[in-house]
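Novice: Sending over final.txt (compact mmCIF, C-alpha atoms).
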```txt
# COMPACT_ATOMS: atom_id res chain seq x y z
CA MET A 1 15.57 -34.32 5.39
CA ILE A 2 13.47 -32.12 7.66
CA VAL A 3 16.48 -29.89 8.42
CA LEU A 4 17.31 -29.63 4.72
CA GLY A 5 13.71 -28.78 3.92
CA VAL A 6 13.62 -26.01 6.53
CA ALA A 7 16.92 -24.59 5.24
CA PHE A 8 15.58 -24.61 1.68
CA VAL A 9 12.42 -22.77 2.70
CA ILE A 10 14.46 -20.17 4.61
CA HIS A 11 16.57 -19.51 1.50
CA LEU A 12 13.39 -19.02 -0.55
CA ILE A 13 11.87 -16.46 1.81
CA PRO A 14 13.51 -13.43 0.09
CA LEU A 15 11.81 -14.41 -3.17
CA PHE A 16 8.35 -13.89 -1.66
CA LEU A 17 8.96 -10.71 0.31
CA PRO A 18 7.89 -7.32 -1.07
CA ARG A 19 10.96 -6.34 -3.05
CA ASN A 20 11.40 -2.66 -2.40
CA MET A 21 14.59 -2.81 -0.36
CA PRO A 22 18.14 -3.19 -1.76
CA GLU A 23 18.97 -5.78 0.93
CA GLN A 24 16.38 -8.13 -0.55
CA GLU A 25 17.79 -7.82 -4.06
CA LEU A 26 21.29 -8.46 -2.75
CA SER A 27 20.09 -11.51 -0.80
CA ILE A 28 18.53 -12.96 -3.94
CA ALA A 29 21.63 -12.21 -6.01
CA ARG A 30 23.88 -13.98 -3.50
CA LEU A 31 21.81 -17.13 -4.01
CA THR A 32 21.79 -16.81 -7.81
CA PRO A 33 24.79 -18.40 -9.54
CA ASP A 34 23.83 -17.31 -13.07
CA ALA A 35 25.35 -13.93 -14.02
CA ALA A 36 22.53 -12.99 -16.41
CA GLN A 37 19.93 -13.52 -13.68
CA ARG A 38 22.03 -11.53 -11.24
CA VAL A 39 22.08 -8.61 -13.67
CA LYS A 40 18.27 -8.62 -13.85
CA VAL A 41 18.09 -8.49 -10.05
CA LEU A 42 20.88 -6.01 -9.36
CA LYS A 43 20.94 -3.56 -12.27
CA PRO A 44 17.76 -1.77 -11.10
CA LEU A 45 19.58 -0.80 -7.91
CA LYS A 46 21.25 1.92 -9.94
CA GLU A 47 17.91 3.77 -10.02
CA ASN A 48 16.83 2.78 -6.51
CA ALA A 49 16.90 5.81 -4.24
CA LYS A 50 17.17 3.56 -1.18
CA ALA A 51 20.39 1.92 -2.39
CA THR A 52 23.41 3.12 -0.44
CA ALA A 53 26.94 3.32 -1.78
CA ALA A 54 27.71 0.13 0.17
CA ASP A 55 24.74 -1.64 -1.48
CA LEU A 56 25.84 -0.59 -4.95
CA ARG A 57 29.43 -1.58 -4.23
CA GLU A 58 28.39 -5.06 -3.13
CA ALA A 59 26.19 -5.39 -6.21
CA ALA A 60 29.17 -4.44 -8.37
CA GLU A 61 31.30 -7.11 -6.68
CA LEU A 62 28.60 -9.72 -7.32
CA LEU A 63 28.60 -8.84 -11.03
CA ARG A 64 32.32 -8.26 -11.46
CA GLU A 65 33.14 -11.72 -12.83
CA GLY A 66 30.12 -12.42 -15.02
CA ALA A 67 28.95 -8.96 -16.06
CA PRO A 68 31.84 -6.49 -15.63
CA LEU A 69 30.33 -3.61 -17.59
CA ASP A 70 27.18 -3.67 -15.47
CA ALA A 71 29.42 -3.93 -12.41
CA TYR A 72 31.28 -0.83 -13.58
CA GLU A 73 28.05 1.15 -13.91
CA LEU A 74 26.97 0.18 -10.38
CA ALA A 75 30.38 1.05 -8.95
CA LYS A 76 30.31 4.46 -10.64
CA GLU A 77 26.87 5.05 -9.16
CA ALA A 78 28.27 4.13 -5.74
CA GLU A 79 31.00 6.71 -6.34
CA LYS A 80 28.35 9.36 -7.09
CA LYS A 81 26.41 8.48 -3.93
CA ASP A 82 29.48 8.82 -1.73
CA PRO A 83 32.74 9.89 -3.38
CA SER A 84 34.65 9.72 -0.07
CA GLN A 85 34.81 5.92 0.22
CA VAL A 86 38.12 4.34 -0.73
CA GLU A 87 36.44 0.92 -0.93
CA THR A 88 34.55 2.04 -4.04
CA GLN A 89 37.79 2.97 -5.77
CA LEU A 90 39.25 -0.44 -4.96
CA VAL A 91 36.21 -2.13 -6.51
CA LEU A 92 36.58 0.04 -9.60
CA ALA A 93 40.27 -0.82 -9.82
CA ARG A 94 39.46 -4.55 -9.73
CA ILE A 95 36.80 -4.18 -12.42
CA CYS A 96 39.06 -2.07 -14.65
CA HIS A 97 42.00 -4.42 -14.21
CA GLY A 98 39.88 -7.41 -15.18
CA GLN A 99 38.85 -5.61 -18.38
CA ARG A 100 42.36 -4.34 -19.13
CA MET A 101 41.13 -0.76 -18.81
CA ASN A 102 44.54 0.54 -17.77
CA ARG A 103 43.73 4.22 -17.60
CA CYS A 104 40.60 3.56 -15.53
CA GLU A 105 42.62 1.34 -13.19
CA GLU A 106 45.32 3.98 -12.74
CA GLU A 107 42.74 6.71 -12.08
CA SER A 108 40.97 4.56 -9.50
CA PHE A 109 44.23 3.89 -7.68
CA ALA A 110 45.11 7.60 -7.80
CA ARG A 111 41.76 8.56 -6.28
CA ALA A 112 42.08 5.82 -3.64
CA GLU A 113 45.52 7.05 -2.60
CA LYS A 114 44.26 10.62 -2.41
CA LEU A 115 41.32 9.57 -0.24
CA ALA A 116 43.39 7.35 2.07
CA PRO A 117 47.13 7.95 1.69
CA GLY A 118 47.92 5.75 4.70
CA ASP A 119 45.71 2.80 3.70
CA PRO A 120 47.82 -0.27 2.84
CA ARG A 121 44.96 -1.92 0.91
CA VAL A 122 45.73 0.20 -2.16
CA ASP A 123 49.30 -1.12 -2.34
CA LEU A 124 48.25 -4.67 -1.52
CA LEU A 125 45.78 -4.68 -4.40
CA LYS A 126 48.51 -3.38 -6.70
CA ALA A 127 50.70 -6.23 -5.47
CA ASP A 128 47.93 -8.74 -6.31
CA PHE A 129 47.83 -7.46 -9.88
CA GLU A 130 51.63 -7.52 -10.23
CA GLU A 131 51.83 -11.09 -8.94
CA ARG A 132 49.19 -12.23 -11.41
CA ASN A 133 51.22 -10.62 -14.17
CA GLY A 134 54.34 -12.46 -12.98
CA ASN A 135 56.09 -9.24 -11.95
CA LEU A 136 57.74 -10.23 -8.67
CA GLU A 137 59.73 -7.03 -8.33
CA GLY A 138 56.63 -4.91 -8.87
CA ALA A 139 54.69 -6.92 -6.31
CA LEU A 140 57.53 -6.65 -3.81
CA ALA A 141 57.76 -2.89 -4.25
CA ALA A 142 54.01 -2.53 -3.67
CA VAL A 143 54.03 -4.71 -0.54
CA GLU A 144 57.07 -2.85 0.75
CA LYS A 145 55.01 0.36 0.60
CA ALA A 146 52.11 -1.37 2.34
CA TYR A 147 54.45 -2.62 5.05
CA ALA A 148 55.75 0.90 5.62
CA LYS A 149 52.16 2.03 6.16
CA ALA A 150 51.07 -0.90 8.32
CA GLY A 151 54.19 -2.58 9.66
CA GLY A 152 52.23 -3.84 12.66
CA SER A 153 49.88 -5.87 10.49
CA VAL A 154 50.73 -9.57 10.72
CA GLY A 155 49.21 -10.34 7.33
CA VAL A 156 51.19 -7.60 5.60
CA GLY A 157 54.38 -8.61 7.41
CA VAL A 158 54.08 -12.27 6.44
CA ARG A 159 53.39 -11.39 2.82
CA TYR A 160 56.36 -9.02 2.75
CA GLY A 161 58.62 -11.67 4.24
CA ARG A 162 57.50 -14.31 1.77
CA LEU A 163 58.00 -12.01 -1.22
CA LEU A 164 61.47 -11.09 0.02
CA SER A 165 62.20 -14.81 0.16
CA GLU A 166 60.86 -15.29 -3.37
CA ALA A 167 63.18 -12.52 -4.52
CA GLY A 168 66.19 -14.23 -2.92
CA ARG A 169 66.56 -11.60 -0.19
CA TRP A 170 66.62 -14.28 2.49
CA ASP A 171 68.31 -12.46 5.36
CA GLU A 172 65.84 -9.59 5.06
CA ALA A 173 62.96 -12.07 4.90
CA LEU A 174 64.09 -13.81 8.08
CA GLN A 175 64.48 -10.49 9.87
CA ILE A 176 60.93 -9.44 8.98
CA LEU A 177 59.43 -12.82 9.90
CA LYS A 178 61.26 -13.13 13.21
CA GLY A 179 59.96 -9.70 14.12
CA LEU A 180 56.41 -11.10 13.94
CA GLU A 181 56.96 -13.72 16.64
CA GLY A 182 55.03 -11.74 19.26
CA GLU A 183 51.92 -11.76 17.07
CA LEU A 184 52.31 -15.07 15.23
CA GLY A 185 53.81 -17.17 18.00
CA ARG A 186 57.03 -19.14 17.84
CA PRO A 187 55.64 -22.27 16.10
CA GLN A 188 54.25 -20.31 13.15
CA VAL A 189 57.45 -18.28 12.82
CA LEU A 190 59.40 -21.56 12.69
CA VAL A 191 57.21 -22.63 9.76
CA GLU A 192 57.87 -19.34 7.97
CA GLU A 193 61.61 -19.68 8.60
CA GLY A 194 61.43 -23.21 7.23
CA LEU A 195 59.81 -21.96 4.04
CA VAL A 196 62.67 -19.50 3.57
CA ARG A 197 65.16 -22.36 3.95
CA VAL A 198 63.23 -24.36 1.36
CA LYS A 199 63.62 -21.47 -1.08
CA GLN A 200 67.34 -21.49 -0.33
CA GLY A 201 67.51 -25.21 -1.02
CA ARG A 202 68.61 -25.91 2.57
CA MET A 203 66.20 -28.80 2.98
CA GLU A 204 67.72 -30.40 6.07
CA GLU A 205 67.47 -27.13 8.00
CA ALA A 206 63.93 -26.63 6.74
CA ARG A 207 62.90 -30.09 7.90
CA GLU A 208 64.36 -29.43 11.33
CA LEU A 209 62.48 -26.15 11.61
CA PHE A 210 59.16 -27.75 10.61
CA GLY A 211 59.84 -30.52 13.12
CA GLU A 212 60.46 -27.97 15.87
CA ALA A 213 57.25 -26.18 14.91
CA VAL A 214 55.01 -29.25 15.28
CA GLU A 215 56.81 -30.25 18.46
CA ALA A 216 56.02 -26.83 19.90
CA ASP A 217 52.43 -26.95 18.60
CA PRO A 218 51.20 -30.51 17.86
CA LYS A 219 48.03 -29.07 16.26
CA LEU A 220 49.83 -26.92 13.69
CA VAL A 221 48.37 -28.23 10.43
CA MET A 222 50.66 -26.34 8.06
CA GLY A 223 53.66 -27.41 10.10
CA TYR A 224 52.88 -31.05 9.40
CA PHE A 225 52.01 -30.27 5.79
CA HIS A 226 55.35 -28.62 5.05
CA LEU A 227 57.18 -31.25 7.10
CA GLY A 228 55.67 -33.88 4.83
CA MET A 229 56.51 -32.03 1.63
CA THR A 230 60.11 -31.48 2.75
CA ALA A 231 60.49 -35.10 3.79
CA PHE A 232 59.40 -36.20 0.31
CA GLN A 233 61.84 -33.84 -1.37
CA MET A 234 64.57 -35.45 0.73
CA GLY A 235 63.52 -38.94 -0.39
CA ASP A 236 61.70 -40.00 2.78
CA VAL A 237 58.37 -41.21 1.38
CA GLU A 238 57.21 -42.87 4.60
CA GLY A 239 58.00 -39.76 6.66
CA ALA A 240 56.14 -37.65 4.12
CA GLU A 241 53.06 -39.88 4.24
CA GLU A 242 53.01 -39.88 8.03
CA ALA A 243 53.23 -36.08 8.29
CA LEU A 244 50.60 -35.47 5.60
CA ARG A 245 48.19 -37.93 7.20
CA GLU A 246 48.58 -36.08 10.50
CA ALA A 247 47.90 -32.75 8.77
CA ASP A 248 44.78 -34.26 7.22
CA ARG A 249 43.63 -35.68 10.57
CA LEU A 250 43.96 -32.26 12.20
CA ASP A 251 41.93 -30.46 9.50
CA MET A 252 39.72 -32.71 7.39
CA SER A 253 38.16 -29.71 5.63
CA ASP A 254 41.41 -28.92 3.79
CA MET A 255 42.09 -30.83 0.56
CA ARG A 256 45.77 -29.99 0.38
CA PRO A 257 47.29 -32.70 2.62
CA LEU A 258 45.43 -35.56 0.91
CA SER A 259 46.04 -34.08 -2.53
CA ALA A 260 49.77 -33.88 -1.83
CA LEU A 261 49.71 -37.42 -0.43
CA CYS A 262 48.04 -38.66 -3.61
CA GLU A 263 50.70 -37.08 -5.82
CA ILE A 264 53.50 -38.49 -3.65
CA GLN A 265 51.97 -41.97 -3.87
CA ARG A 266 51.65 -41.60 -7.64
CA GLN A 267 55.28 -40.62 -8.02
CA ALA A 268 56.37 -43.41 -5.67
CA GLY A 269 54.40 -45.97 -7.68
CA LYS A 270 52.10 -46.84 -4.77
CA THR A 271 49.09 -47.45 -7.01
CA ASP A 272 46.85 -49.20 -4.47
CA ALA A 273 47.50 -46.58 -1.79
CA GLN A 274 46.89 -43.79 -4.30
CA ARG A 275 43.57 -45.34 -5.28
CA VAL A 276 42.46 -45.38 -1.64
CA THR A 277 43.52 -41.75 -1.18
CA ARG A 278 41.57 -40.70 -4.26
CA MET A 279 38.48 -42.51 -2.96
CA ASP A 280 38.84 -40.64 0.34
CA LEU A 281 39.02 -37.33 -1.52
CA GLU A 282 35.96 -38.15 -3.64
CA ARG A 283 33.98 -39.22 -0.59
CA ARG A 284 34.84 -36.17 1.48
CA PHE A 285 34.70 -33.51 -1.25
CA PRO A 286 31.88 -34.56 -3.61
CA GLU A 287 31.09 -30.93 -4.40
CA ARG A 288 34.66 -30.36 -5.63
CA MET A 289 35.09 -33.28 -8.01
CA ALA A 290 36.82 -31.22 -10.69
CA ALA A 291 39.44 -30.10 -8.17
CA VAL A 292 39.82 -33.67 -6.90
CA ARG A 293 40.41 -35.00 -10.41
CA LYS A 294 42.99 -32.31 -11.07
CA ALA A 295 44.82 -32.77 -7.76
CA CYS A 296 44.70 -36.58 -7.66
CA ARG A 297 44.95 -38.16 -11.07
CA ALA A 298 43.51 -41.64 -11.43
CA PRO A 299 46.18 -44.36 -11.10
```
How does this structure look as structure tokens?

Specialist:
Amino acid sequence: MIVLGVAFVIHLIPLFLPRNMPEQELSIARLTPDAAQRVKVLKPLKENAKATAADLREAAELLREGAPLDAYELAKEAEKKDPSQVETQLVLARICHGQRMNRCEEESFARAEKLAPGDPRVDLLKADFEERNGNLEGALAAVEKAYAKAGGSVGVGVRYGRLLSEAGRWDEALQILKGLEGELGRPQVLVEEGLVRVKQGRMEEARELFGEAVEADPKLVMGYFHLGMTAFQMGDVEGAEEALREADRLDMSDMRPLSALCEIQRQAGKTDAQRVTRMDLERRFPERMAAVRKACRAP
């Protein structure tokens, strides 16, 4: 209780400081969940001479979901303060996309590409939008451009490989993913190869690859997770439960292994075991009850 009390007081400190610095307003806004209250705190930054483009950009991000028009005004002010920053254009693109302001989105992307023609973030953000719209080919084309700009980036390479797999271009996907072994390590590459085999429907090969991955790295959480999911798809409920429990043991902060275990138990008719799994989820993730209820339906 003492520790909690001290933490609470520390979080309240910004409320009592003289509020003439943008950092203080941003600190308060980060602690304020209500969008209307955030607007009251952050909108004055537009007229604050001390607010930098970075301050205004962060304020726009904090308002983007709940108050997009105010976020747009702050982002445009950030653009005026420093028109050379590509990050501001990416924020504007996100705001405009969320409001279906297509012309604004296109103009923001055009300015971003002009400012940083070699920056893969522009193409990756386009890919995000295409994926949300269900346009796999559009997303793949955007990530392909990002990969050409930053082929050495592990994150870009993995995303490119996975999208190639989604598109059924499996040999190309495997070639890209195997090329990342030096950065990812062999166990992780085995997991990625296994996911490609799952997409192909070659479940036995996928299971073998996931098994090799966890043998090479016994602490590889996602290796056990996918091993469990593949085992279930092949009809091995006990093998699936064992692998998912191991994934959960290795990372108890991740809901996915227990959530998958709950669904497997539900489908297998293991009502008592499912009830215990749900209780474990509720006990460990009390702040995420809505997600728990969605992931693990009551037996």

Novice: For atom CA of A:Pro68 and atom CA of A:Ala49, quote the distance in Å rounded to one decimal.

Specialist: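 Result for atom CA of A:Pro68 versus atom CA of A:Ala49: 22.5 Å, one decimal.
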
Novice: Pick the closest to A:Ala146 from A:Arg132, A:Cys262, A:Leu124, A:Ala93: which is it, counting all atoms listed in the file?

Specialist: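 The answer is A:Leu124, which sits nearest to A:Ala146.
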
Novice: So which residues touch A:Met101 within 12 Å, counting all atoms listed in the file, skipping near sequence neighbours fewer than 6 positions away, as a JSON list (two decimals) with C-alpha atoms, in the coordinates of the input?

Specialist:
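Result file is selection.json:
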```
[["chain", "number", "residue", "atom", "x", "y", "z"],
["A", 68, "PRO", "CA", 31.84, -6.49, -15.63],
["A", 69, "LEU", "CA", 30.33, -3.61, -17.59],
["A", 72, "TYR", "CA", 31.28, -0.83, -13.58],
["A", 92, "LEU", "CA", 36.58, 0.04, -9.60],
["A", 93, "ALA", "CA", 40.27, -0.82, -9.82],
["A", 94, "ARG", "CA", 39.46, -4.55, -9.73],
["A", 95, "ILE", "CA", 36.80, -4.18, -12.42],
["A", 107, "GLU", "CA", 42.74, 6.71, -12.08],
["A", 108, "SER", "CA", 40.97, 4.56, -9.50]]
```

Novice: Name the residues in contact with A:Ala295 at a cut-off of 9 Å, using all atoms listed in the file, excluding same-chain residues fewer than 4 positions from it; report them as a list in words.

Specialist: Met255, Arg256, Ser259, Ala260, Cys262, Glu263, Ala290 and Ala291 of chain A

Novice: A:Leu62, A:Met21, A:Leu140, A:Leu258: which is nearest A:Asp34, counting all atoms listed in the file?

Specialist: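 Comparing A:Leu62, A:Met21, A:Leu140, A:Leu258 against A:Asp34, the winner is A:Leu62.
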
Novice: At a cut-off of 8 Å, using all atoms listed in the file, what residues contact stretch 205-220 of chain A? Leave out same-chain residues fewer than 6 positions from it and give the result as a list in words.

Specialist: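 Those residues are Arg186, Pro187, Gln188, Leu190, Val191, Glu193, Gly194, Leu195, Val196, Arg197, Val198, His226, Leu227, Thr230, Ala231, Ala247 and Leu250 of chain A.
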
Novice: Enter the distance from atom CA of A:Arg38 to atom CA of A:Val86, in Å, rounded to one decimal.

Specialist: 24.9 Å

Novice: Distance cut-off 12 Å, centre (22.5, -2.6, -17.6) in file coordinates, counting all atoms listed in the file: which residues qualify? Return them as a PyMOL selection string.

Specialist: chain A and resi 36-47+60+63+67-74

Novice: Of the residues A:Arg162, A:Asn135, A:Pro299, A:Gly168, which is the one nearest to A:Gly269, using all atoms listed in the file?

Specialist: A:Pro299

Novice: I'd like the contact shell of A:Leu136 - 9 Å cut-off, all atoms listed in the file, skipping same-chain residues fewer than 3 positions apart - returned as a tab-separated table (two decimals) with C-alpha atoms, in the coordinates of the input.

Specialist:
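As a result, out.tsv now contains:
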```tsv
chain	number	residue	atom	x	y	z
A	127	ALA	CA	50.70	-6.23	-5.47
A	130	GLU	CA	51.63	-7.52	-10.23
A	131	GLU	CA	51.83	-11.09	-8.94
A	133	ASN	CA	51.22	-10.62	-14.17
A	139	ALA	CA	54.69	-6.92	-6.31
A	140	LEU	CA	57.53	-6.65	-3.81
A	141	ALA	CA	57.76	-2.89	-4.25
A	163	LEU	CA	58.00	-12.01	-1.22
A	166	GLU	CA	60.86	-15.29	-3.37
A	167	ALA	CA	63.18	-12.52	-4.52
```

Novice: My structure is short of atoms at stretch 37-48 of chain A; please model N, CA, C and O atoms there, returning them as an mmCIF file, in the coordinates of the input.

Specialist:
```
data_model
loop_
_atom_site.group_PDB
_atom_site.id
_atom_site.type_symbol
_atom_site.label_atom_id
_atom_site.label_comp_id
_atom_site.auth_asym_id
_atom_site.auth_seq_id
_atom_site.Cartn_x
_atom_site.Cartn_y
_atom_site.Cartn_z
ATOM 1 N N GLN A 37 21.018 -13.705 -14.640
ATOM 2 C CA GLN A 37 19.930 -13.520 -13.680
ATOM 3 C C GLN A 37 20.317 -12.500 -12.614
ATOM 4 O O GLN A 37 19.486 -11.714 -12.163
ATOM 5 N N ARG A 38 21.578 -12.517 -12.220
ATOM 6 C CA ARG A 38 22.030 -11.530 -11.240
ATOM 7 C C ARG A 38 21.890 -10.112 -11.782
ATOM 8 O O ARG A 38 21.525 -9.194 -11.062
ATOM 9 N N VAL A 39 22.205 -9.937 -13.054
ATOM 10 C CA VAL A 39 22.080 -8.610 -13.670
ATOM 11 C C VAL A 39 20.644 -8.120 -13.583
ATOM 12 O O VAL A 39 20.382 -6.954 -13.247
ATOM 13 N N LYS A 40 19.679 -8.999 -13.894
ATOM 14 C CA LYS A 40 18.270 -8.620 -13.850
ATOM 15 C C LYS A 40 17.859 -8.165 -12.452
ATOM 16 O O LYS A 40 17.041 -7.254 -12.290
ATOM 17 N N VAL A 41 18.440 -8.811 -11.433
ATOM 18 C CA VAL A 41 18.090 -8.490 -10.050
ATOM 19 C C VAL A 41 18.784 -7.207 -9.591
ATOM 20 O O VAL A 41 18.176 -6.363 -8.926
ATOM 21 N N LEU A 42 20.057 -7.060 -9.954
ATOM 22 C CA LEU A 42 20.880 -6.010 -9.360
ATOM 23 C C LEU A 42 20.932 -4.711 -10.155
ATOM 24 O O LEU A 42 21.120 -3.631 -9.575
ATOM 25 N N LYS A 43 20.794 -4.780 -11.462
ATOM 26 C CA LYS A 43 20.940 -3.560 -12.270
ATOM 27 C C LYS A 43 19.934 -2.467 -11.874
ATOM 28 O O LYS A 43 20.284 -1.272 -11.871
ATOM 29 N N PRO A 44 18.702 -2.824 -11.519
ATOM 30 C CA PRO A 44 17.760 -1.770 -11.100
ATOM 31 C C PRO A 44 18.182 -1.001 -9.863
ATOM 32 O O PRO A 44 17.647 0.098 -9.603
ATOM 33 N N LEU A 45 19.127 -1.534 -9.097
ATOM 34 C CA LEU A 45 19.580 -0.800 -7.910
ATOM 35 C C LEU A 45 20.187 0.549 -8.275
ATOM 36 O O LEU A 45 20.219 1.465 -7.455
ATOM 37 N N LYS A 46 20.659 0.663 -9.497
ATOM 38 C CA LYS A 46 21.250 1.920 -9.940
ATOM 39 C C LYS A 46 20.244 3.067 -9.853
ATOM 40 O O LYS A 46 20.612 4.225 -9.590
ATOM 41 N N GLU A 47 18.957 2.748 -10.063
ATOM 42 C CA GLU A 47 17.910 3.770 -10.020
ATOM 43 C C GLU A 47 17.150 3.761 -8.702
ATOM 44 O O GLU A 47 16.205 4.533 -8.525
ATOM 45 N N ASN A 48 17.539 2.908 -7.785
ATOM 46 C CA ASN A 48 16.830 2.780 -6.510
ATOM 47 C C ASN A 48 17.356 3.825 -5.527
ATOM 48 O O ASN A 48 18.522 3.787 -5.132
#
```
